[in-house]
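Peer 1: Below is the structure I would like to discuss, written out as structure tokens.
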Amino acid sequence: MLNDFKAFIQRGNVVDLAVGVIIGGAFGSIITSLVNDVVMPPIGMLMGGIDFKDLFLSLNGQSFPTLAAAKAAAAPTIAYGQFLNTVVNFLIIASVIFLVVRAMSHLQKPAPVTAPTTKERPFCLSTIPLLATRCAHCTSDLNMTRLQTA
């Protein structure tokens with residue numbers, strides 16, 4: 001069992017996955033900062049000076065000046081401003097990943113086209129090797145059918 005585990009760890013896919021998770025975490029932090037510190041403040045300013053982080057709904061009916069004050073009072077809240085930040089964060093990450101995958105797919109060379117090794121039979125609707133002289137399914141002589149259709 002230990003040997004199987006060592007073989008699993010030494011495979012390239014596991015290392016690639018680990019690197020991807022670490023880079024993804026770092027990238028997520030950068031995007032979170034971009035959303036919270038760069039994107040949302042101008043949007044909030046355009047909407048009348050709203051700070052999206054402080055948008056919340058108090059469920060107990062009391063009024064609080066900030067979300068931090070509501071949490072300090074242990075009031076039940078719905079912090080929809082933070083949810084909006086998270087949605088914008090997700091949309092930015094998703095669009096960047098889409099663009100990266102799209103660019104990578106354009107960089108990859110198309111798979112080489114291989115010559116066909118089989119052909120379709122119109123009489124019995126089967127697939128046979130190109131070099132066959134008799135169909136294995138309907139037993140027709142392929143040389144005769146070629147002469148008849150020519």
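By convention here, the chains of the structure tokens are called A, B, ... in the order presented, each chain's residues are numbered starting at 1, and ligands are numbered starting at 1 in the order presented.
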Enumerate, as a count of residues only, the complete set of residues in chain A that a backbone-based DSSP assignment places in alpha helix (DSSP H).

Peer 2: 80

Peer 1: If you run DSSP on this backbone, which residues of chain A come out as strand (DSSP E), and could you give them as number ranges by chain?

Peer 2: A: 57-58, 77-78, 118-120, 127-129

Peer 1: Can you list, as a VMD selection string, every protein, DNA or RNA residue that comes within 12 Å of Leu125 (chain A) when you count only C-alpha atoms, leaving out same-chain residues fewer than 6 positions away?

Peer 2: chain A and resid 119 135 to 138

Peer 1: Which residues, written as JSON, numbers by chain, have at least one atom at most 9 Å from region 25-42 of chain A, with only C-alpha atoms counted and residues fewer than 2 positions away on the same chain left out?

Peer 2: {"A": [20, 21, 22, 23, 44, 45, 46, 47, 49, 50, 51, 52, 53, 85, 86, 88, 89, 90, 92, 93]}

Peer 1: Mind checking which residues fall within 8 Å of region 77-84 of chain A, counting only C-alpha atoms, ignoring those fewer than 4 positions away in the same chain, and posting them as a PyMOL selection string?

Peer 2: chain A and resi 52-59+67+70-71+88
